[in-house]
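**Q** Here's a structure for you.
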Amino acid sequence: MSTPDLTTRPQWQALRRHFAQIGAQHLRDLFAADPARGEQLTLEAVGLYLDYSKQRVDADTLRLLRELALACGLPQRIEAMFRGERINTTEQRAVLHVALRAPATADIRVNGRNVIPDVHAVLDRMAAFAERVRSGAWLGHGGKRIRHVISIGIGGSDLGPVMAYEALRAYSQRDLTFGFVSNVDGTDFVEATRDLDAGETLFIVCSKTFTTLETLSNAHAARAWCVQALGDESAVAKHFVAVSTAADEVAKFGIDTANMFGFWDWVGGRYSMDSAIGLSTMLAIGVEHFRAMLAGFHAMDEHFRHAPLEHNLPALMGLLAIWNGNFLGAATVAVLPYEQYLKRFPAYLQQLTMESNGKHVTLDGAPVDYATGPVYWGEPGTNGQHSFYQLIHQGTQLVPCDFIGFGQPLNPLGQQHDQLLANLIAQGEALAFGKSAAEVRAEGTPEALVAHRTFEGNRPSSTILAARLTPHALGSLIALYEHSVFVQGVIWNIDSFDQWGVELGKQLAKTTIAELTAKDEPPLAHDSSTNALIRRYRQLRDGKTSGS
Ligand code: G6Q
């Protein structure tokens with residue numbers, strides 16, 4: 001069934017006409033015209049308060065965006081996802097990360113079978129294992145308790161666990177250390193294990209397919225390191241567990257499937273951090289906090305599924321992203337958490353958003369004639385203020401910003417939390433309102449510098465505030481972005497749940513590895529640049545050229 005082209009929809013055309021009227025209006029004028037704007041253009045759900053009054057929208061923009069969402073069938077698509085329909089059409093899969101955090105009483109069916117009992121059975125096994133490791137009951141091969149956990153995985157099997165560990169470190173058991181190894185660059189593994197006692201180290205090998213080159217190479221390295229240090233093959237049973245959907249591959253690697261935690265093909269890699277892929281998170285923060293995180297996800301899921309569009313936080317965020325990207329022409333979004341524990345959140349979001357919506361054809365396979373997923377990037381505040389914020393304030397590109405902050409610090413230190421949040425709030429204000437030439441002159445600035453010190457403002461931002469960074473709040477925050485990504489994908493009519501570009505990467509290097517490792521240079525049939533690079537690498541590696 002083919003759907004009408006997005007840009008020919010009357011609702012899209014209406015937004016275009018609306019943009020012609022409102023596009024040039026300055027946020028200064030929008031605020032002046034409506035003194036209550038800062039309180040009205042806000043929305044609160046599941047403990048997250050969103051102020052979007054500094055977005056370049058008015059009530060008509062929001063209404064037109066909602067009409068577009070209805071025309072694109074957003075409510076039906078939300079239901080289709082929650083009902084387990086195969087909305088990942090290019091892989092013919094259901095998309096049910098929402099089932100991973102549903103309560104035990106829920107009933108979500110895939111091919112007529114309720115998957116919730118399976119989800120909870122794995123969660124219970126994870127909990128029993130986590131308790132044993134955390135309490136010291138699980139002993140290593142030589143009888144020592146586990147003190148170090150190394151999670152091996154990449155992409156969706158790494159970025160979520162790393163981010164969650166950093167985000168919830170305040171809740172972690174401090175006599176356990178956690179490391180994450182993802183890169184096939186041997187440095188990653190060597191540095192992560194350098195000072196560890198193998199007898200106290202547990203490896204969690206995370207791979208949905210258990211065939212990913214980087215993860216298997218690192219898992220083999222880990223195995224060799226462990227067996228060499230402990231002097232016994234049988235040590236693997238006490239020092240390795242696997243998280244995967246592929247029991248046969250796990251067994252082939254040599255991990256007993258009794259030490260495997262499963263998940264399912266209806267969980268996309270970048271949506272898997274609350275499946276068994278999150279085992280390291282549970283080991284770090286404990287079962288109760290992990291369950292609180294799942295409850296936070298679930299609360300946002302329920303809100304997304306049931307709240308009307310006018311009050312639906314993920315829908316609103318997704319639609320604002322459409323407005324900024326497709327009408328204001330913003331090609332990137334900066335995510336700026338004013339919370340040090342969220343330092344890996346932008347990296348996590350990069351995968352979530354860009355792997356999901358970095359697509360150039362519609363579900364029907366037709367090329368799109370509109371922009372899809374923007375580039376996401378960011379750093380925690382206030383650090384970014386001393387580097388790239390300059391471009392956001394005075395550069396020539398429009399960079400909408402998401403500011404994220406919390407009322408209560410996890411590590412109170414004098415007045416530093418007030419200083420932190422003062423910066424967050426002041427940045428949004430400066431971006432929106434800028435500083436006019438008249439104001440700059442009034443400060444006594446020499447005429448030659450007035451232009452340099454003028455800020456045009458009108459740069460859109462949203463601010464998300466919550467009381468405190470708890471496991472529950474983190475779950476809700478992630479689910480907010482997950483569903484916002486989904487909303488954008490629905491409007492763009494793309495498959496947000498496949499990743500053919502990643503699959504390509506997994507294939508591409510295979511031929512080249514053979515050409516790099518062959519004893520003598522094999523016939524090379526690439527383009528002249530690739531051929532020359534292969535030759536030059538072989539020479540540099542073998543010490544046959546200085547590289548000059
Ligand atoms: C995520 C992607 C990708 C994937 C990694 C690891 O959505 O598919 O990032 O998670 O390539 O794959 P495995 O878990 O199969 O090792």
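Naming scheme: A, B, ... for chains in displayed order of the structure tokens; residues 1 onward per chain; ligands 1 onward as shown.
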At a cut-off of 9 Å, can you tabulate as a Markdown table every residue of chain A near ligand 1 together with its closest atom pair and the distance in Å to one decimal, using only C-alpha atoms and all ligand atoms and ordering rows by chain then number?
**A**
| residue | atom | partner | partner_atom_place_in_ligand_line | distance |
| --- | --- | --- | --- | --- |
| A:Gly153 | CA | ligand 1 | 16 (O) | 6.2 |
| A:Ile154 | CA | ligand 1 | 6 (C) | 5.0 |
| A:Gly155 | CA | ligand 1 | 9 (O) | 3.4 |
| A:Gly156 | CA | ligand 1 | 10 (O) | 3.3 |
| A:Ser157 | CA | ligand 1 | 14 (O) | 4.9 |
| A:Asp158 | CA | ligand 1 | 10 (O) | 7.6 |
| A:Leu159 | CA | ligand 1 | 9 (O) | 8.4 |
| A:Cys206 | CA | ligand 1 | 14 (O) | 6.3 |
| A:Ser207 | CA | ligand 1 | 14 (O) | 3.4 |
| A:Lys208 | CA | ligand 1 | 14 (O) | 3.7 |
| A:Thr209 | CA | ligand 1 | 15 (O) | 3.8 |
| A:Phe210 | CA | ligand 1 | 16 (O) | 5.5 |
| A:Thr211 | CA | ligand 1 | 16 (O) | 6.3 |
| A:Thr212 | CA | ligand 1 | 16 (O) | 4.6 |
| A:Leu213 | CA | ligand 1 | 16 (O) | 7.9 |
| A:Glu214 | CA | ligand 1 | 16 (O) | 8.0 |
| A:Thr215 | CA | ligand 1 | 16 (O) | 6.3 |
| A:Leu216 | CA | ligand 1 | 16 (O) | 8.3 |
| A:Val243 | CA | ligand 1 | 14 (O) | 8.8 |
| A:Ser244 | CA | ligand 1 | 14 (O) | 7.3 |
| A:Thr245 | CA | ligand 1 | 15 (O) | 8.6 |
| A:Val267 | CA | ligand 1 | 7 (O) | 8.8 |
| A:Gly268 | CA | ligand 1 | 7 (O) | 5.1 |
| A:Gly269 | CA | ligand 1 | 7 (O) | 3.5 |
| A:Arg270 | CA | ligand 1 | 7 (O) | 3.9 |
| A:Tyr271 | CA | ligand 1 | 7 (O) | 6.8 |
| A:Ser272 | CA | ligand 1 | 7 (O) | 8.2 |
| A:Ile277 | CA | ligand 1 | 14 (O) | 8.7 |
| A:Gln351 | CA | ligand 1 | 9 (O) | 7.4 |
| A:Leu352 | CA | ligand 1 | 7 (O) | 7.6 |
| A:Glu355 | CA | ligand 1 | 7 (O) | 6.9 |
| A:Ser356 | CA | ligand 1 | 7 (O) | 7.8 |
| A:Phe497 | CA | ligand 1 | 7 (O) | 7.5 |
| A:Asp498 | CA | ligand 1 | 7 (O) | 7.5 |
| A:Gln499 | CA | ligand 1 | 8 (O) | 6.0 |
| A:Trp500 | CA | ligand 1 | 8 (O) | 8.6 |
| A:Val502 | CA | ligand 1 | 3 (C) | 6.4 |
| A:Glu503 | CA | ligand 1 | 11 (O) | 7.5 |
| A:Gly505 | CA | ligand 1 | 11 (O) | 9.0 |
| A:Lys506 | CA | ligand 1 | 11 (O) | 7.7 |
**Q** Could those selected residues go to a file with N, CA, C and O atoms, as a compact mmCIF listing (two decimals), in the first residue's frame?
**A**
# COMPACT_ATOMS: atom_id res chain seq x y z
N GLY A 153 30.87 -5.63 24.22
CA GLY A 153 29.79 -5.50 23.24
C GLY A 153 30.05 -4.24 22.44
O GLY A 153 30.96 -3.47 22.77
N ILE A 154 29.27 -3.99 21.42
CA ILE A 154 29.47 -2.77 20.63
C ILE A 154 28.13 -2.26 20.14
O ILE A 154 27.16 -3.03 20.07
N GLY A 155 28.09 -0.98 19.80
CA GLY A 155 26.85 -0.37 19.28
C GLY A 155 25.74 -0.49 20.30
O GLY A 155 25.90 -0.17 21.48
N GLY A 156 24.62 -1.03 19.86
CA GLY A 156 23.47 -1.18 20.75
C GLY A 156 23.74 -2.11 21.92
O GLY A 156 23.05 -2.05 22.93
N SER A 157 24.76 -2.94 21.80
CA SER A 157 25.09 -3.85 22.90
C SER A 157 26.15 -3.25 23.83
O SER A 157 26.75 -3.98 24.63
N ASP A 158 26.38 -1.96 23.69
CA ASP A 158 27.39 -1.29 24.52
C ASP A 158 26.95 0.10 24.98
O ASP A 158 27.06 0.43 26.15
N LEU A 159 26.45 0.90 24.04
CA LEU A 159 26.23 2.32 24.36
C LEU A 159 25.19 2.52 25.47
O LEU A 159 25.35 3.41 26.32
N CYS A 206 28.12 -9.38 25.42
CA CYS A 206 26.80 -8.94 24.96
C CYS A 206 26.76 -8.85 23.45
O CYS A 206 27.46 -8.01 22.86
N SER A 207 26.00 -9.69 22.83
CA SER A 207 25.84 -9.58 21.38
C SER A 207 24.55 -10.26 20.97
O SER A 207 24.38 -11.45 21.21
N LYS A 208 23.68 -9.48 20.35
CA LYS A 208 22.40 -10.05 19.91
C LYS A 208 22.64 -11.22 18.97
O LYS A 208 22.06 -12.28 19.12
N THR A 209 23.54 -11.03 18.01
CA THR A 209 23.77 -12.07 17.00
C THR A 209 24.88 -13.04 17.40
O THR A 209 24.96 -14.14 16.89
N PHE A 210 25.77 -12.59 18.25
CA PHE A 210 26.98 -13.32 18.64
C PHE A 210 27.86 -13.65 17.42
O PHE A 210 28.58 -14.65 17.40
N THR A 211 27.81 -12.79 16.43
CA THR A 211 28.69 -12.98 15.27
C THR A 211 29.44 -11.68 14.96
O THR A 211 30.17 -11.62 13.98
N THR A 212 29.26 -10.65 15.78
CA THR A 212 29.86 -9.35 15.47
C THR A 212 31.38 -9.40 15.68
O THR A 212 31.86 -9.80 16.75
N LEU A 213 32.09 -9.00 14.63
CA LEU A 213 33.56 -9.14 14.61
C LEU A 213 34.22 -8.57 15.86
O LEU A 213 35.02 -9.25 16.53
N GLU A 214 33.91 -7.32 16.18
CA GLU A 214 34.58 -6.65 17.29
C GLU A 214 34.36 -7.40 18.60
O GLU A 214 35.29 -7.65 19.37
N THR A 215 33.11 -7.77 18.83
CA THR A 215 32.76 -8.40 20.10
C THR A 215 33.39 -9.79 20.20
O THR A 215 33.92 -10.17 21.25
N LEU A 216 33.33 -10.52 19.10
CA LEU A 216 33.92 -11.87 19.17
C LEU A 216 35.43 -11.79 19.34
O LEU A 216 36.02 -12.58 20.10
N VAL A 243 25.05 -12.61 26.87
CA VAL A 243 23.71 -12.06 26.65
C VAL A 243 23.50 -12.07 25.15
O VAL A 243 24.26 -11.44 24.41
N SER A 244 22.51 -12.81 24.70
CA SER A 244 22.36 -12.97 23.26
C SER A 244 20.99 -13.52 22.90
O SER A 244 20.25 -14.01 23.77
N THR A 245 20.67 -13.45 21.61
CA THR A 245 19.48 -14.15 21.11
C THR A 245 19.89 -15.45 20.44
O THR A 245 19.04 -16.21 20.00
N VAL A 267 13.60 -7.04 19.76
CA VAL A 267 14.28 -5.96 20.49
C VAL A 267 15.43 -5.47 19.61
O VAL A 267 16.38 -6.21 19.34
N GLY A 268 15.34 -4.25 19.13
CA GLY A 268 16.42 -3.69 18.31
C GLY A 268 17.63 -3.40 19.19
O GLY A 268 17.48 -3.08 20.38
N GLY A 269 18.83 -3.52 18.63
CA GLY A 269 20.05 -3.31 19.42
C GLY A 269 20.03 -2.00 20.20
O GLY A 269 20.29 -1.97 21.41
N ARG A 270 19.68 -0.92 19.52
CA ARG A 270 19.72 0.40 20.19
C ARG A 270 18.55 0.61 21.14
O ARG A 270 18.45 1.66 21.77
N TYR A 271 17.65 -0.36 21.19
CA TYR A 271 16.51 -0.28 22.12
C TYR A 271 16.61 -1.39 23.16
O TYR A 271 15.61 -1.79 23.74
N SER A 272 17.84 -1.91 23.38
CA SER A 272 17.95 -3.14 24.18
C SER A 272 18.51 -2.95 25.59
O SER A 272 18.72 -3.93 26.30
N ILE A 277 20.68 -7.16 27.99
CA ILE A 277 21.86 -6.35 27.64
C ILE A 277 22.21 -5.42 28.80
O ILE A 277 23.35 -5.00 28.98
N GLN A 351 23.34 7.29 18.67
CA GLN A 351 22.96 6.04 18.02
C GLN A 351 21.44 5.91 17.93
O GLN A 351 20.90 5.57 16.88
N LEU A 352 20.78 6.18 19.04
CA LEU A 352 19.33 6.02 19.07
C LEU A 352 18.68 6.82 17.93
O LEU A 352 17.84 6.31 17.20
N GLU A 355 20.86 6.25 14.02
CA GLU A 355 20.72 4.94 13.40
C GLU A 355 19.24 4.69 13.09
O GLU A 355 18.90 4.02 12.12
N SER A 356 18.37 5.26 13.89
CA SER A 356 16.93 5.05 13.67
C SER A 356 16.43 5.87 12.48
O SER A 356 15.71 5.35 11.62
N PHE A 497 13.56 1.33 12.49
CA PHE A 497 14.03 0.18 13.27
C PHE A 497 14.95 -0.77 12.51
O PHE A 497 15.34 -1.79 13.03
N ASP A 498 15.30 -0.42 11.28
CA ASP A 498 16.31 -1.23 10.59
C ASP A 498 17.63 -0.46 10.61
O ASP A 498 17.71 0.66 11.14
N GLN A 499 18.69 -1.03 10.07
CA GLN A 499 20.02 -0.40 10.11
C GLN A 499 20.90 -1.03 9.04
O GLN A 499 21.92 -1.62 9.34
N TRP A 500 20.48 -0.89 7.78
CA TRP A 500 21.24 -1.54 6.72
C TRP A 500 22.64 -0.96 6.57
O TRP A 500 23.55 -1.65 6.12
N VAL A 502 24.59 -0.19 9.03
CA VAL A 502 25.44 -0.91 9.98
C VAL A 502 25.79 -2.28 9.43
O VAL A 502 26.93 -2.74 9.52
N GLU A 503 24.80 -2.93 8.82
CA GLU A 503 25.04 -4.27 8.25
C GLU A 503 26.13 -4.17 7.19
O GLU A 503 27.01 -5.03 7.10
N GLY A 505 28.58 -2.09 7.04
CA GLY A 505 29.88 -1.97 7.72
C GLY A 505 30.40 -3.33 8.17
O GLY A 505 31.60 -3.60 8.14
N LYS A 506 29.47 -4.19 8.61
CA LYS A 506 29.89 -5.50 9.11
C LYS A 506 30.44 -6.35 7.96
O LYS A 506 31.26 -7.23 8.17
**Q** Just list as JSON, numbers by chain whatever in segment 317-405 of chain A DSSP marks as strand (DSSP E or B).
**A** {"A": [332, 333, 334, 335, 336, 337, 361, 367, 375, 376, 377, 401, 402, 403, 404, 405]}
**Q** Keeping N, CA, C and O atoms for every residue in the selection just given, could you write it to a file as a compact mmCIF listing (two decimals), in the first residue's frame?
**A**
# COMPACT_ATOMS: atom_id res chain seq x y z
N THR A 332 21.12 19.90 12.63
CA THR A 332 21.66 19.22 13.82
C THR A 332 20.85 19.60 15.06
O THR A 332 20.12 20.59 15.05
N VAL A 333 21.00 18.81 16.09
CA VAL A 333 20.40 19.10 17.40
C VAL A 333 21.49 18.90 18.45
O VAL A 333 22.17 17.87 18.44
N ALA A 334 21.65 19.87 19.33
CA ALA A 334 22.63 19.71 20.42
C ALA A 334 21.89 19.29 21.69
O ALA A 334 20.89 19.89 22.06
N VAL A 335 22.39 18.23 22.31
CA VAL A 335 21.80 17.75 23.57
C VAL A 335 22.77 18.10 24.68
O VAL A 335 23.92 17.66 24.67
N LEU A 336 22.31 18.89 25.62
CA LEU A 336 23.22 19.51 26.58
C LEU A 336 22.77 19.22 28.01
O LEU A 336 22.04 20.02 28.62
N PRO A 337 23.16 18.07 28.56
CA PRO A 337 22.77 17.77 29.93
C PRO A 337 23.62 18.55 30.92
O PRO A 337 24.85 18.46 30.88
N VAL A 361 14.93 6.56 2.20
CA VAL A 361 13.75 6.12 1.44
C VAL A 361 12.59 5.86 2.40
O VAL A 361 12.78 5.59 3.59
N PRO A 367 12.52 7.33 -2.79
CA PRO A 367 13.41 8.33 -2.17
C PRO A 367 12.61 9.47 -1.55
O PRO A 367 11.60 9.87 -2.11
N VAL A 375 21.61 15.40 12.68
CA VAL A 375 22.79 14.97 13.44
C VAL A 375 22.58 15.36 14.90
O VAL A 375 22.27 16.52 15.19
N TYR A 376 22.71 14.43 15.80
CA TYR A 376 22.66 14.72 17.24
C TYR A 376 24.07 14.75 17.79
O TYR A 376 24.90 13.94 17.41
N TRP A 377 24.31 15.64 18.67
CA TRP A 377 25.63 15.73 19.28
C TRP A 377 25.48 16.50 20.59
O TRP A 377 24.42 17.05 20.86
N CYS A 401 18.64 23.41 20.62
CA CYS A 401 19.30 22.76 21.76
C CYS A 401 18.26 22.14 22.69
O CYS A 401 17.20 22.72 22.91
N ASP A 402 18.61 20.98 23.24
CA ASP A 402 17.84 20.40 24.35
C ASP A 402 18.69 20.56 25.60
O ASP A 402 19.75 19.93 25.73
N PHE A 403 18.24 21.40 26.52
CA PHE A 403 18.92 21.51 27.82
C PHE A 403 18.23 20.55 28.80
O PHE A 403 17.01 20.47 28.83
N ILE A 404 19.04 19.85 29.57
CA ILE A 404 18.48 18.90 30.54
C ILE A 404 19.09 19.18 31.92
O ILE A 404 20.32 19.27 32.03
N GLY A 405 18.25 19.33 32.92
CA GLY A 405 18.79 19.61 34.26
C GLY A 405 17.91 19.05 35.36
O GLY A 405 16.77 18.64 35.13
**Q** For a quick check of understanding, using only C-alpha atoms, which of A:Ile513, A:Ala222, A:Leu6, A:Val57 has the smallest distance to Gln21 of chain A?
**A** A:Val57
**Q** Return as CSV the residues of segment 259-365 of chain A lying at most 12 Å from segment 450-464 of chain A, together with the closest atom-to-atom pair for each and the distance in Å to one decimal, counting only C-alpha atoms, with rows in chain order and ascending residue number.
**A**
residue,atom,partner,partner_atom,distance
A:Leu313,CA,A:Ile464,CA,10.8
A:Leu316,CA,A:Ser462,CA,11.2
A:Met317,CA,A:Ser462,CA,8.9
A:Leu320,CA,A:Ser462,CA,9.5
A:Ala321,CA,A:Ser462,CA,10.5
A:Trp323,CA,A:Pro460,CA,11.0
A:Asn324,CA,A:Pro460,CA,8.4
A:Gly325,CA,A:Pro460,CA,11.6
A:Leu328,CA,A:Pro460,CA,9.9
A:Ala330,CA,A:Pro460,CA,10.1
A:Val333,CA,A:Ser461,CA,9.5
A:Ala334,CA,A:Ser461,CA,9.2
A:Val335,CA,A:Ser462,CA,9.8
A:Leu336,CA,A:Thr463,CA,9.5
A:Pro337,CA,A:Ile464,CA,9.2
A:Tyr338,CA,A:Ile464,CA,10.3
A:Glu339,CA,A:Ile464,CA,11.9
**Q** Let me make sure I understand: among A:Ile491, A:Ala442, A:Ala430, A:Leu294, which one has the smallest atom-to-atom distance to Tyr370 of chain A if we use only C-alpha atoms?
**A**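 Looking at the shortest contact to Tyr370 of chain A, the residue is A:Ile491.
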**Q** Taking 3 positions as the minimum chain separation for residues in the same chain, which residues sit within 12 Å of Arg9 of chain A when counting only C-alpha atoms? Answer as a count of residues only.
**A** 18
**Q** List every residue of segment 122-199 of chain A that DSSP, applied to the backbone, labels as alpha helix (DSSP H), and write the result as a ChimeraX atom specification.
**A** /A:122-135,159-167,186-193
**Q** Using only C-alpha atoms, which residues of segment 470-489 of chain A come within 10 Å of segment 81-103 of chain A, and what is the closest atom pair for each, with the distance in Å to one decimal? Give it as CSV, sorted by chain and residue number.
**A**
residue,atom,partner,partner_atom,distance
A:Gly475,CA,A:Arg101,CA,9.6
A:Ala479,CA,A:Val98,CA,8.9
A:Glu482,CA,A:His97,CA,9.7
A:Phe486,CA,A:Met81,CA,9.7
**Q** Hey, can you spit out that residue selection with all heavy atoms as an mmCIF file, in the first residue's frame?
**A**
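So part10.cif came out as:
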data_model
loop_
_atom_site.group_PDB
_atom_site.id
_atom_site.type_symbol
_atom_site.label_atom_id
_atom_site.label_comp_id
_atom_site.auth_asym_id
_atom_site.auth_seq_id
_atom_site.Cartn_x
_atom_site.Cartn_y
_atom_site.Cartn_z
ATOM 1 N N GLY A 475 14.963 6.259 33.235
ATOM 2 C CA GLY A 475 14.124 5.438 32.362
ATOM 3 C C GLY A 475 13.123 6.292 31.600
ATOM 4 O O GLY A 475 12.954 6.150 30.386
ATOM 5 N N ALA A 479 12.978 6.839 27.512
ATOM 6 C CA ALA A 479 11.758 6.475 26.778
ATOM 7 C C ALA A 479 11.190 7.693 26.050
ATOM 8 O O ALA A 479 10.650 7.572 24.944
ATOM 9 C CB ALA A 479 10.723 5.884 27.731
ATOM 10 N N GLU A 482 13.201 7.861 22.953
ATOM 11 C CA GLU A 482 12.872 6.726 22.067
ATOM 12 C C GLU A 482 11.576 7.007 21.304
ATOM 13 O O GLU A 482 11.508 6.815 20.084
ATOM 14 C CB GLU A 482 12.661 5.446 22.892
ATOM 15 C CG GLU A 482 13.922 4.795 23.408
ATOM 16 C CD GLU A 482 13.614 3.554 24.254
ATOM 17 O OE1 GLU A 482 12.449 3.343 24.656
ATOM 18 O OE2 GLU A 482 14.551 2.804 24.525
ATOM 19 N N PHE A 486 10.507 7.770 17.301
ATOM 20 C CA PHE A 486 9.453 7.014 16.606
ATOM 21 C C PHE A 486 8.473 7.979 15.919
ATOM 22 O O PHE A 486 8.103 7.785 14.758
ATOM 23 C CB PHE A 486 8.730 6.124 17.625
ATOM 24 C CG PHE A 486 7.527 5.407 17.081
ATOM 25 C CD1 PHE A 486 7.678 4.344 16.196
ATOM 26 C CD2 PHE A 486 6.241 5.776 17.450
ATOM 27 C CE1 PHE A 486 6.567 3.674 15.690
ATOM 28 C CE2 PHE A 486 5.130 5.110 16.954
ATOM 29 C CZ PHE A 486 5.291 4.062 16.072
#
**Q** Which is closest to Ser476 of chain A among A:Arg132, A:Glu44, A:Asp60, A:Leu363, if we use only C-alpha atoms?
**A**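 Using only C-alpha atoms, Ser476 of chain A sits closest to A:Glu44.
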**Q** Considering only C-alpha atoms, state which residue in the set A:Ser172, A:Glu233, A:Tyr389, A:Met354 is at the smallest distance from Gly428 of chain A.
**A**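 Closest to Gly428 of chain A of all the choices is A:Tyr389.
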